[in-house]
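Structure file upload_23.cif; described as mmCIF, C-alpha atoms.
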data_final
loop_
_atom_site.label_atom_id
_atom_site.label_comp_id
_atom_site.auth_asym_id
_atom_site.auth_seq_id
_atom_site.Cartn_x
_atom_site.Cartn_y
_atom_site.Cartn_z
CA MET A 26 0.00 0.00 0.00
CA ARG A 27 1.27 3.44 -0.83
CA LEU A 28 1.85 5.61 2.20
CA THR A 29 -0.54 8.33 1.04
CA ARG A 30 -3.33 5.74 0.99
CA SER A 31 -2.69 4.74 4.56
CA PRO A 32 -5.46 6.12 6.78
CA ALA A 33 -3.10 6.45 9.75
CA PHE A 34 -0.61 8.40 7.66
CA ARG A 35 -3.28 10.79 6.44
CA ILE A 36 -4.72 11.33 9.92
CA GLY A 37 -1.24 11.72 11.39
CA ALA A 38 -0.31 14.29 8.75
CA SER A 39 -3.44 16.36 9.23
CA ILE A 40 -3.07 16.28 13.01
CA ALA A 41 0.55 17.40 12.55
CA VAL A 42 -0.55 20.49 10.66
CA ALA A 43 -3.44 21.30 12.99
CA THR A 44 -1.36 20.91 16.15
CA GLY A 45 1.75 22.47 14.70
CA LEU A 46 -0.16 25.62 13.77
CA TYR A 47 -0.90 26.48 17.34
CA GLY A 48 2.80 26.48 18.02
CA VAL A 49 2.43 30.08 16.79
CA SER A 50 0.44 30.92 19.91
CA PHE A 51 2.96 29.17 22.14
CA GLY A 52 5.88 31.05 20.60
CA ALA A 53 4.20 34.44 20.87
CA LEU A 54 2.97 33.84 24.44
CA ALA A 55 6.34 32.53 25.64
CA VAL A 56 8.05 35.71 24.47
CA ALA A 57 5.26 37.80 26.01
CA ALA A 58 5.81 35.90 29.30
CA GLY A 59 9.37 37.18 29.31
CA LEU A 60 11.33 34.29 27.78
CA SER A 61 14.01 34.98 25.20
CA PHE A 62 13.77 33.68 21.64
CA TRP A 63 16.18 30.82 22.36
CA GLN A 64 14.48 29.86 25.62
CA THR A 65 11.20 29.61 23.72
CA VAL A 66 12.78 27.50 20.98
CA ALA A 67 14.45 25.26 23.58
CA LEU A 68 11.13 24.53 25.28
CA SER A 69 9.47 23.39 22.05
CA ALA A 70 12.43 21.30 20.88
CA LEU A 71 13.43 19.72 24.21
CA MET A 72 10.28 19.62 26.33
CA PHE A 73 7.99 18.96 23.37
CA THR A 74 4.72 18.47 25.18
CA GLY A 75 2.38 21.36 24.56
CA GLY A 76 0.42 21.40 27.81
CA SER A 77 3.56 21.44 29.95
CA GLN A 78 5.13 24.14 27.82
CA PHE A 79 2.04 26.34 28.21
CA ALA A 80 2.03 25.57 31.95
CA PHE A 81 5.67 26.63 32.29
CA ILE A 82 5.15 30.02 30.65
CA GLY A 83 1.71 30.41 32.28
CA VAL A 84 3.26 30.27 35.75
CA LEU A 85 6.04 32.69 34.78
CA ALA A 86 3.54 35.10 33.20
CA GLY A 87 1.60 35.13 36.47
CA GLY A 88 4.73 36.17 38.36
CA GLY A 89 5.60 32.67 39.58
CA ALA A 90 9.23 31.64 40.06
CA GLY A 91 11.23 28.96 38.25
CA PRO A 92 10.57 26.15 40.73
CA ALA A 93 6.78 26.64 40.51
CA ALA A 94 6.96 26.69 36.70
CA PHE A 95 9.02 23.50 36.84
CA GLY A 96 6.48 21.88 39.17
CA ALA A 97 3.43 22.75 37.10
CA ALA A 98 5.06 21.66 33.82
CA THR A 99 6.31 18.39 35.29
CA LEU A 100 3.00 17.47 36.92
CA LEU A 101 1.16 18.20 33.68
CA GLY A 102 3.60 15.90 31.88
CA ILE A 103 2.77 12.90 34.03
CA ARG A 104 0.08 11.72 31.64
CA ASN A 105 2.90 11.07 29.15
CA VAL A 106 4.05 8.13 31.26
CA VAL A 107 0.69 6.53 30.54
CA TYR A 108 1.04 7.23 26.82
CA GLY A 109 4.59 5.83 26.87
CA MET A 110 3.34 2.66 28.47
CA GLN A 111 0.56 2.32 25.90
CA MET A 112 2.83 3.02 22.95
CA ASN A 113 5.42 0.55 24.18
CA ALA A 114 2.71 -2.11 24.12
CA LEU A 115 0.97 -0.99 20.91
CA ILE A 116 3.81 -0.08 18.56
CA ARG A 117 6.70 -1.96 20.25
CA PRO A 118 9.54 0.23 18.98
CA ALA A 119 12.94 -1.41 18.55
CA PRO A 120 15.22 -0.70 21.53
CA ARG A 121 17.41 1.65 19.50
CA LEU A 122 14.33 3.66 18.48
CA ARG A 123 12.95 3.90 21.99
CA PRO A 124 14.76 7.11 22.99
CA LEU A 125 13.30 8.79 19.90
CA ALA A 126 9.86 7.25 20.34
CA ALA A 127 9.83 8.50 23.93
CA HIS A 128 10.54 12.07 22.86
CA LEU A 129 7.74 11.91 20.27
CA THR A 130 5.24 10.49 22.77
CA ILE A 131 2.58 13.17 23.19
CA ASP A 132 -1.21 13.35 23.21
CA GLU A 133 -1.48 13.50 19.44
CA SER A 134 0.89 10.69 18.45
CA ALA A 135 -0.55 8.41 21.14
CA ALA A 136 -4.13 9.20 20.13
CA THR A 137 -3.43 8.69 16.42
CA ALA A 138 -1.83 5.30 17.06
CA SER A 139 -4.46 4.13 19.54
CA GLY A 140 -7.26 4.90 17.09
CA GLN A 141 -5.99 2.30 14.62
CA GLU A 142 -6.62 -1.43 14.81
CA ASP A 143 -3.93 -2.76 12.49
CA PRO A 144 -0.42 -2.95 14.06
CA LEU A 145 1.26 -1.51 10.96
CA GLU A 146 -1.21 1.35 10.81
CA ARG A 147 -0.68 2.03 14.50
CA ARG A 148 3.04 2.33 13.89
CA ARG A 149 2.53 4.56 10.88
CA GLY A 150 0.11 6.73 12.81
CA PHE A 151 2.47 7.13 15.75
CA TRP A 152 5.54 8.02 13.72
CA THR A 153 3.70 10.25 11.25
CA ALA A 154 1.95 12.24 13.96
CA GLY A 155 5.03 12.29 16.22
CA ILE A 156 7.54 13.42 13.61
CA GLY A 157 4.99 15.65 11.84
CA VAL A 158 3.89 17.48 14.98
CA PHE A 159 7.53 17.86 16.03
CA LEU A 160 8.48 19.54 12.75
CA PHE A 161 5.44 21.83 12.51
CA TRP A 162 5.34 22.60 16.24
CA ASN A 163 8.97 23.78 16.23
CA LEU A 164 8.66 25.65 12.96
CA PHE A 165 5.60 27.54 14.14
CA THR A 166 7.12 28.16 17.58
CA VAL A 167 9.95 29.99 15.83
CA LEU A 168 7.47 32.03 13.80
CA GLY A 169 5.41 32.79 16.91
CA ALA A 170 8.46 33.87 18.89
CA LEU A 171 9.54 36.21 16.09
CA LEU A 172 5.98 37.53 15.88
CA GLY A 173 5.83 38.04 19.66
CA ASP A 174 9.13 39.94 19.53
CA ALA A 175 7.84 42.16 16.72
CA LEU A 176 4.50 42.93 18.38
CA GLY A 177 5.93 45.03 21.19
CA ASP A 178 3.53 45.66 24.07
CA PRO A 179 1.88 42.25 24.63
CA LYS A 180 -1.06 43.74 26.52
CA ALA A 181 -2.05 46.10 23.71
CA TRP A 182 -2.41 43.02 21.50
CA GLY A 183 -4.36 41.17 24.14
CA LEU A 184 -1.75 38.45 24.48
CA ASP A 185 -2.65 37.97 28.15
CA GLY A 186 -6.19 37.29 26.93
CA ALA A 187 -4.75 34.85 24.37
CA ALA A 188 -3.10 32.92 27.22
CA VAL A 189 -6.43 32.64 29.03
CA ALA A 190 -8.04 31.38 25.83
CA ALA A 191 -5.21 28.90 25.23
CA PHE A 192 -5.61 27.28 28.65
CA LEU A 193 -9.39 27.11 28.29
CA GLY A 194 -8.86 25.61 24.84
CA LEU A 195 -6.57 22.92 26.26
CA LEU A 196 -9.01 22.20 29.08
CA TRP A 197 -12.17 22.13 26.97
CA PRO A 198 -11.81 18.78 25.14
CA ARG A 199 -11.21 17.12 28.52
CA LEU A 200 -14.48 18.30 30.03
CA ARG A 201 -16.63 15.36 29.05
CA GLY A 202 -18.98 14.28 31.75
CA ARG A 203 -19.85 15.58 35.17
CA ASP A 204 -16.74 14.47 37.05
CA PRO A 205 -14.19 16.35 34.91
CA VAL A 206 -16.33 19.49 35.10
CA ALA A 207 -16.53 19.17 38.88
CA ILE A 208 -12.74 18.74 39.15
CA ALA A 209 -12.18 21.77 36.91
CA VAL A 210 -14.58 23.98 38.87
CA VAL A 211 -13.20 22.95 42.26
CA CYS A 212 -9.58 23.40 41.15
CA ALA A 213 -10.31 26.81 39.62
CA LEU A 214 -12.03 27.86 42.87
CA VAL A 215 -9.17 26.59 45.04
CA THR A 216 -6.77 28.56 42.86
CA VAL A 217 -8.73 31.81 43.00
CA LEU A 218 -9.20 31.51 46.77
CA ALA A 219 -5.48 30.83 47.29
CA VAL A 220 -4.17 33.66 45.10
CA PRO A 221 -4.36 36.42 47.77
CA PHE A 222 -2.69 34.23 50.41
CA ALA A 223 0.08 32.38 48.55
CA PRO A 224 3.01 33.55 46.43
CA PRO A 225 2.39 33.33 42.66
CA GLY A 226 2.67 29.81 41.31
CA LEU A 227 1.78 28.11 44.57
CA PRO A 228 -2.02 28.26 44.04
CA ILE A 229 -1.54 26.19 40.87
CA LEU A 230 0.38 23.51 42.75
CA LEU A 231 -2.26 23.55 45.47
CA ALA A 232 -4.92 22.88 42.85
CA ALA A 233 -2.76 20.05 41.48
CA LEU A 234 -2.70 18.52 44.95
CA VAL A 235 -6.50 18.64 45.11
CA ALA A 236 -6.80 17.15 41.61
CA GLY A 237 -4.30 14.41 42.44
CA ALA A 238 -6.16 13.50 45.62
CA TRP A 239 -9.40 13.46 43.65
CA GLY A 240 -7.94 10.91 41.25
CA TRP A 241 -6.32 8.85 43.99
CA PHE A 242 -9.36 8.57 46.22
CA GLY A 243 -12.08 9.02 43.60
CA ARG A 244 -13.81 6.38 41.58
CA GLY A 245 -14.28 8.17 38.27
CA PRO A 246 -13.49 6.55 34.91
CA GLN A 247 -9.79 5.94 34.32
CA ASP A 248 -9.62 7.79 31.06
CA GLU A 249 -11.00 11.15 32.09
CA GLY A 250 -8.66 13.99 31.31
CA MET A 251 -6.66 11.88 28.88
CA GLU A 252 -8.25 13.32 25.75
CA PRO A 253 -5.80 14.82 23.25
CA ASP A 254 -5.76 18.59 22.65
CA VAL A 255 -6.58 18.01 19.02
CA ASP A 256 -8.62 14.89 18.46
CA PRO A 257 -7.43 12.89 15.44
CA TYR A 258 -10.77 11.10 15.32
CA PRO A 259 -13.48 13.71 15.91
CA GLY A 260 -16.94 12.26 16.00
CA ARG A 261 -15.71 9.07 17.62
CA HIS A 262 -16.41 10.24 21.12
CA ALA A 263 -16.58 7.17 23.28
CA GLY A 264 -14.06 8.70 25.63
CA ALA A 265 -10.39 9.21 24.91
CA PRO A 266 -8.91 7.18 22.10
CA GLY A 267 -5.87 6.60 24.29
CA THR A 268 -7.19 4.65 27.20
CA THR A 269 -10.13 2.42 26.65
CA PRO A 270 -11.73 1.59 29.96
CA GLU A 271 -12.57 -1.97 30.75
CA PRO A 272 -16.18 -3.01 30.14
CA GLY A 273 -16.78 -2.55 33.85
CA GLY A 274 -16.69 1.21 33.33
CA GLY A 275 -13.33 1.67 35.01
CA ALA A 276 -14.18 -0.27 38.13
CA GLU A 277 -11.18 -0.82 40.29
CA GLY A 278 -9.52 -4.17 40.65
CA THR A 279 -9.72 -5.32 37.03
CA GLY A 280 -5.94 -5.32 37.04
CA ALA A 281 -5.05 -5.61 33.38
CA SER A 282 -6.31 -2.31 32.10
CA GLY A 283 -4.83 0.38 29.91
CA ALA A 284 -1.66 -0.45 28.05
CA GLY A 285 -1.05 -3.99 29.11
CA GLY A 286 -4.57 -5.14 28.40
CA ARG A 287 -4.79 -3.39 25.07
CA GLY A 288 -1.37 -4.38 23.85
CA SER A 289 -2.01 -8.07 24.11
CA ALA A 290 -5.50 -7.75 22.68
CA MET F 159 20.58 32.25 34.01
CA SER F 160 18.23 30.89 36.64
CA VAL F 161 15.42 30.76 34.08
CA TRP F 162 17.64 28.69 31.81
CA PHE F 163 18.30 26.29 34.68
CA TRP F 164 14.59 25.68 35.32
CA ILE F 165 13.85 25.39 31.59
CA LEU F 166 16.48 22.69 31.14
CA ALA F 167 15.47 20.95 34.36
CA ALA F 168 11.82 20.89 33.27
CA CYS F 169 12.82 19.58 29.81
CA ALA F 170 14.89 16.82 31.43
CA ALA F 171 12.01 15.91 33.74
CA ALA F 172 9.54 15.84 30.82
CA TYR F 173 11.82 13.49 28.89
CA ALA F 174 12.46 11.29 31.91
CA ILE F 175 8.71 10.88 32.40
CA LYS F 176 8.23 9.88 28.76
CA VAL F 177 11.12 7.40 28.88
CA ALA F 178 9.79 5.91 32.13
CA GLY F 179 6.66 4.87 30.25
CA TYR F 180 8.82 2.72 27.94
CA LEU F 181 11.28 1.36 30.46
CA VAL F 182 9.39 0.76 33.67
CA PRO F 183 7.52 -2.57 33.53
CA ALA F 184 3.86 -1.96 32.75
CA ARG F 185 2.67 -3.80 35.84
CA VAL F 186 4.38 -1.20 38.04
CA LEU F 187 2.67 1.76 36.43
CA ASP F 188 -0.46 0.20 35.03
CA HIS F 189 -2.55 0.78 38.06
CA PRO F 190 -6.11 2.16 37.98
CA ARG F 191 -5.17 4.84 40.50
CA MET F 192 -2.11 5.89 38.52
CA LEU F 193 -4.20 6.28 35.37
CA ARG F 194 -6.86 8.27 37.19
CA VAL F 195 -4.37 10.59 38.87
CA ALA F 196 -2.68 11.28 35.51
CA GLY F 197 -6.06 12.33 34.14
CA THR F 198 -7.39 14.35 37.06
CA LEU F 199 -4.04 16.15 37.40
CA THR F 200 -4.31 17.22 33.78
CA ILE F 201 -7.82 18.61 34.26
CA GLY F 202 -7.04 20.28 37.59
CA LEU F 203 -3.85 21.94 36.39
CA LEU F 204 -5.38 23.26 33.19
CA ALA F 205 -8.40 24.62 35.10
CA SER F 206 -6.09 26.23 37.64
CA LEU F 207 -3.89 27.76 34.94
CA THR F 208 -6.99 29.13 33.22
CA ALA F 209 -8.13 30.73 36.48
CA VAL F 210 -4.73 32.22 37.33
CA ASN F 211 -4.28 33.71 33.90
CA ALA F 212 -7.83 35.12 33.91
CA PHE F 213 -8.17 36.47 37.44
CA ALA F 214 -4.78 36.82 39.14
CA SER F 215 -2.63 39.89 39.00
CA GLY F 216 0.38 39.01 41.08
CA GLN F 217 -1.05 38.17 44.46
CA GLN F 218 -4.28 40.07 43.88
CA LEU F 219 -7.50 39.14 42.18
CA ALA F 220 -8.47 41.36 39.26
CA PHE F 221 -11.52 41.62 37.09
CA ASP F 222 -10.25 43.13 33.85
CA ALA F 223 -10.14 42.68 30.08
CA ARG F 224 -8.94 39.09 30.52
CA VAL F 225 -12.40 38.10 31.76
CA GLY F 226 -13.70 39.24 28.37
CA ALA F 227 -11.08 36.98 26.78
CA LEU F 228 -12.31 34.06 28.89
CA VAL F 229 -15.90 34.62 27.77
CA ALA F 230 -14.92 35.06 24.11
CA ALA F 231 -12.84 31.87 24.21
CA GLY F 232 -15.73 30.00 25.81
CA ILE F 233 -18.10 31.13 23.07
CA ALA F 234 -15.58 30.18 20.35
CA LEU F 235 -15.11 26.74 21.91
CA ALA F 236 -18.86 26.22 22.20
CA CYS F 237 -19.04 26.97 18.45
CA ARG F 238 -16.40 24.24 17.91
CA ALA F 239 -13.83 26.71 16.61
CA PRO F 240 -10.30 25.31 16.12
CA PHE F 241 -7.69 26.03 18.78
CA LEU F 242 -5.95 28.87 16.96
CA VAL F 243 -9.25 30.68 16.35
CA VAL F 244 -10.05 30.35 20.06
CA VAL F 245 -6.71 31.92 20.97
CA ILE F 246 -7.19 34.76 18.50
CA ALA F 247 -10.73 35.37 19.82
CA GLY F 248 -9.29 35.68 23.33
CA ALA F 249 -6.61 38.11 22.22
CA ALA F 250 -9.06 40.18 20.18
CA ALA F 251 -11.54 40.43 23.05
CA ALA F 252 -8.88 41.59 25.52
CA ALA F 253 -7.34 44.05 23.05
CA LEU F 254 -10.72 45.54 22.06
CA LEU F 255 -11.85 45.90 25.67
CA ARG F 256 -8.62 47.73 26.49
CA LEU F 257 -9.04 49.92 23.42
CA ALA F 258 -12.49 50.81 24.79
CA GLY F 259 -10.85 51.73 28.07
CA ILE F 260 -12.10 48.75 30.06
CA GLY F 261 -9.56 46.81 32.13
#
Would you write out, as C-alpha cells, the structure that this file holds?
Amino acid sequence: MRLTRSPAFRIGASIAVATGLYGVSFGALAVAAGLSFWQTVALSALMFTGGSQFAFIGVLAGGGAGPAAFGAATLLGIRNVVYGMQMNALIRPAPRLRPLAAHLTIDESAATASGQEDPLERRRGFWTAGIGVFLFWNLFTVLGALLGDALGDPKAWGLDGAAVAAFLGLLWPRLRGRDPVAIAVVCALVTVLAVPFAPPGLPILLAALVAGAWGWFGRGPQDEGMEPDVDPYPGRHAGAPGTTPEPGGGAEGTGASGAGGRGSA
Amino acid sequence: MSVWFWILAACAAAYAIKVAGYLVPARVLDHPRMLRVAGTLTIGLLASLTAVNAFASGQQLAFDARVGALVAAGIALACRAPFLVVVIAGAAAAALLRLAGIG
C-alpha cells in the first residue's frame, strides 16, 4: 500500500498540521511571558509536550518563580508516562528507536496510534503524527516567537487574553462528563481563593494537589482527562482514544487495564 | 541564568517521564489509581492555569479585560472553533476591551 493511501498516515499528517499551527500561539505567548527567543525555541524542541510548555510560561507570566513553573510543567507531563506505556505495548519500537519514540510520545501521536486497529497502521500513525507534529510545532514556535518579539507591548495586542483562551482551549476537550467538570470547577475555585494568600505559582500547585487526591481517592473513569488537545478522530467520542476503559466502566480491581490489556488484545 | 536552569530541568524531567513509560515494567505503572491521577491532574492543572491567567494579577485578584477573553474563548469553543481561532478570539476580546478603556 502506498503511504498516502494509509489512513493512519493521512490522519497523522493532518493532526501534525493542525497541532503544529498552534505552536504560533505558544511562541508568541512565551516571548510575552518574558522568555528569550532561544528559551522559547528550547522549550518546544526539548520539552515537546504542549500542555507542559504552556504551563511553564503560564506560571512565569503570572509572576511565579522557576521552581513553581518546573512543578506545574512536570506534573502536567505525568500523563505522558501513561502514553509511553501504551505506545510501548501498541507499537513496540525497537530498543534503538525507543529514545526517539519516547521524545515523540505526546497526546497527538498516542491518540493517532491508539485509534488504529492494524499494528502496521498504528506504527505509521504514531511516527507520522510524532515526527509531523515535532516539525510543525517547532517551525511555528519559531514564527510565533519572532511575531511576539515584533509585536511590542503584549497587553495592547491582548496576548494575556490569548493565554487565558489557550488554557481554556486545552481544558475544553477534557471536560466530558460531570466528574471532569466538577474537578475543573473545584480546582479553579481553590486557585482563586489561594491567590491572595500564597506567592504566585503556589495556588496552581495547590490545585494540582486537590486534583491528584481526587484521582487517587475518587472512583471516576480511568480515562478522564486523557483526551488529546486536538482529536485525530473527531466524531468518535466514546471517551479518549488513548485509554479504553474496561467493560466494567473503570471499576477498580480489574488489574489488566490500559496499556497492558490493550497491547495483548 | 536561573530561568535557563529551570527550563532545562523541566525539559529533562519531561523526557524522563516519557522514557519511564517505555522502560518501567507496565505492571508497576499500570494501576487504575495511577491512570486516574494522571487524568485528574491534567484537568485540575489546566483549570487552575486558566483561572490564574484570567483572574490573578500578582497576588491580587483582578476583574479586567482578561475576563472578556475568557468569555470570548468560551463562546468560540462552544461553536467548535479550532484552537488557533479560540486563541485569537481571546486576544481580540482583551485588546478591544482595552481599546475601549475597560480593564
### Message
(-5.0, 30.3, 36.5) in this file's frame - what residues fall within 9 Å of it? Use all atoms listed in the file and give the answer as a ChimeraX atom specification.
### Response
/A:83-84,87,189,192,213,216-217,228-229 /F:203-214
### Query
Which residue out of F:Val243, F:Ile260, F:Arg224, F:Lys176 has the minimum interatomic distance to Asp132 of chain A when all atoms listed in the file are used?
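Under the stated criterion, the closest residue is F:Lys176.
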#### Entry: Residues in the PyMOL selection byres ((chain A and resi 253) around 12), expressed as a ChimeraX atom specification
/A:40,44,74-76,104-105,108,130-137,139-140,194-200,248-252,254-259,262,264-268 /F:197,200-201
Since we have the selection now, will you write its residues out, keeping C-alpha atoms, as a short mmCIF file (atom, residue, chain, number, x, y, z; two decimals), keeping the file's coordinate frame?
data_model
loop_
_atom_site.label_atom_id
_atom_site.label_comp_id
_atom_site.auth_asym_id
_atom_site.auth_seq_id
_atom_site.Cartn_x
_atom_site.Cartn_y
_atom_site.Cartn_z
CA ILE A 40 -3.07 16.28 13.01
CA THR A 44 -1.36 20.91 16.15
CA THR A 74 4.72 18.47 25.18
CA GLY A 75 2.38 21.36 24.56
CA GLY A 76 0.42 21.40 27.81
CA ARG A 104 0.08 11.72 31.64
CA ASN A 105 2.90 11.07 29.15
CA TYR A 108 1.04 7.23 26.82
CA THR A 130 5.24 10.49 22.77
CA ILE A 131 2.58 13.17 23.19
CA ASP A 132 -1.21 13.35 23.21
CA GLU A 133 -1.48 13.50 19.44
CA SER A 134 0.89 10.69 18.45
CA ALA A 135 -0.55 8.41 21.14
CA ALA A 136 -4.13 9.20 20.13
CA THR A 137 -3.43 8.69 16.42
CA SER A 139 -4.46 4.13 19.54
CA GLY A 140 -7.26 4.90 17.09
CA GLY A 194 -8.86 25.61 24.84
CA LEU A 195 -6.57 22.92 26.26
CA LEU A 196 -9.01 22.20 29.08
CA TRP A 197 -12.17 22.13 26.97
CA PRO A 198 -11.81 18.78 25.14
CA ARG A 199 -11.21 17.12 28.52
CA LEU A 200 -14.48 18.30 30.03
CA ASP A 248 -9.62 7.79 31.06
CA GLU A 249 -11.00 11.15 32.09
CA GLY A 250 -8.66 13.99 31.31
CA MET A 251 -6.66 11.88 28.88
CA GLU A 252 -8.25 13.32 25.75
CA ASP A 254 -5.76 18.59 22.65
CA VAL A 255 -6.58 18.01 19.02
CA ASP A 256 -8.62 14.89 18.46
CA PRO A 257 -7.43 12.89 15.44
CA TYR A 258 -10.77 11.10 15.32
CA PRO A 259 -13.48 13.71 15.91
CA HIS A 262 -16.41 10.24 21.12
CA GLY A 264 -14.06 8.70 25.63
CA ALA A 265 -10.39 9.21 24.91
CA PRO A 266 -8.91 7.18 22.10
CA GLY A 267 -5.87 6.60 24.29
CA THR A 268 -7.19 4.65 27.20
CA GLY F 197 -6.06 12.33 34.14
CA THR F 200 -4.31 17.22 33.78
CA ILE F 201 -7.82 18.61 34.26
#
If we count only C-alpha atoms, what is near Phe165 of chain A at a cut-off of 8 Å, once residues fewer than 2 positions away on the same chain are taken out, given as a short mmCIF file (atom, residue, chain, number, x, y, z; two decimals) with C-alpha atoms, in the frame of the given file?
data_model
loop_
_atom_site.label_atom_id
_atom_site.label_comp_id
_atom_site.auth_asym_id
_atom_site.auth_seq_id
_atom_site.Cartn_x
_atom_site.Cartn_y
_atom_site.Cartn_z
CA GLY A 45 1.75 22.47 14.70
CA LEU A 46 -0.16 25.62 13.77
CA TYR A 47 -0.90 26.48 17.34
CA GLY A 48 2.80 26.48 18.02
CA VAL A 49 2.43 30.08 16.79
CA GLY A 52 5.88 31.05 20.60
CA PHE A 161 5.44 21.83 12.51
CA TRP A 162 5.34 22.60 16.24
CA ASN A 163 8.97 23.78 16.23
CA VAL A 167 9.95 29.99 15.83
CA LEU A 168 7.47 32.03 13.80
CA GLY A 169 5.41 32.79 16.91
#
### Query
When distances are computed from only C-alpha atoms, which of A:Ala236, A:Ile208, A:Leu184, A:Leu230 shows the smallest separation from Leu54 of chain A?
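Answer, going by the shortest atom-to-atom distance: A:Leu184.
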On this structure, which residues satisfy the PyMOL selection byres ((chain A and resi 142-156) around 6), written as a PDB file with C-alpha atoms, in the frame of the given file?
ATOM      1  CA  ALA A  33      -3.100   6.450   9.750  1.00  0.00           C
ATOM      2  CA  PHE A  34      -0.610   8.400   7.660  1.00  0.00           C
ATOM      3  CA  GLY A  37      -1.240  11.720  11.390  1.00  0.00           C
ATOM      4  CA  ALA A  41       0.550  17.400  12.550  1.00  0.00           C
ATOM      5  CA  ILE A 116       3.810  -0.080  18.560  1.00  0.00           C
ATOM      6  CA  LEU A 129       7.740  11.910  20.270  1.00  0.00           C
ATOM      7  CA  SER A 134       0.890  10.690  18.450  1.00  0.00           C
ATOM      8  CA  THR A 137      -3.430   8.690  16.420  1.00  0.00           C
ATOM      9  CA  ALA A 138      -1.830   5.300  17.060  1.00  0.00           C
ATOM     10  CA  GLN A 141      -5.990   2.300  14.620  1.00  0.00           C
ATOM     11  CA  GLY A 157       4.990  15.650  11.840  1.00  0.00           C
ATOM     12  CA  VAL A 158       3.890  17.480  14.980  1.00  0.00           C
ATOM     13  CA  PHE A 159       7.530  17.860  16.030  1.00  0.00           C
TER      14      PHE A 159
END
### Task
Can you turn the PyMOL selection byres ((chain F and resi 178) around 12) into a concrete residue list for this file, as a count of residues only?
33
### Task
Give as a VMD selection string each residue that has an atom at most 8 Å from (-5.3, 36.9, 29.5) in the file, counting all atoms listed in the file.
(chain A and resid 183 to 190) or (chain F and resid 211 to 212 223 to 225 227 to 228 248 to 249 252)
### Query
What does the distance from atom CA of Gly226 of chain A to atom CA of Leu199 of chain F come to in Å, to one decimal?
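Taking atom CA of Gly226 of chain A as the start and atom CA of Leu199 of chain F as the end point, the length is 15.7 Å.
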### Task
Rounded to one decimal place, report the atom CA of Ala93 of chain A-atom CA of Ala209 of chain A distance in Å.
19.9 Å
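From atom CA of Gly237 of chain A back to atom CA of Val195 of chain F, the distance works out to 5.2 Å.
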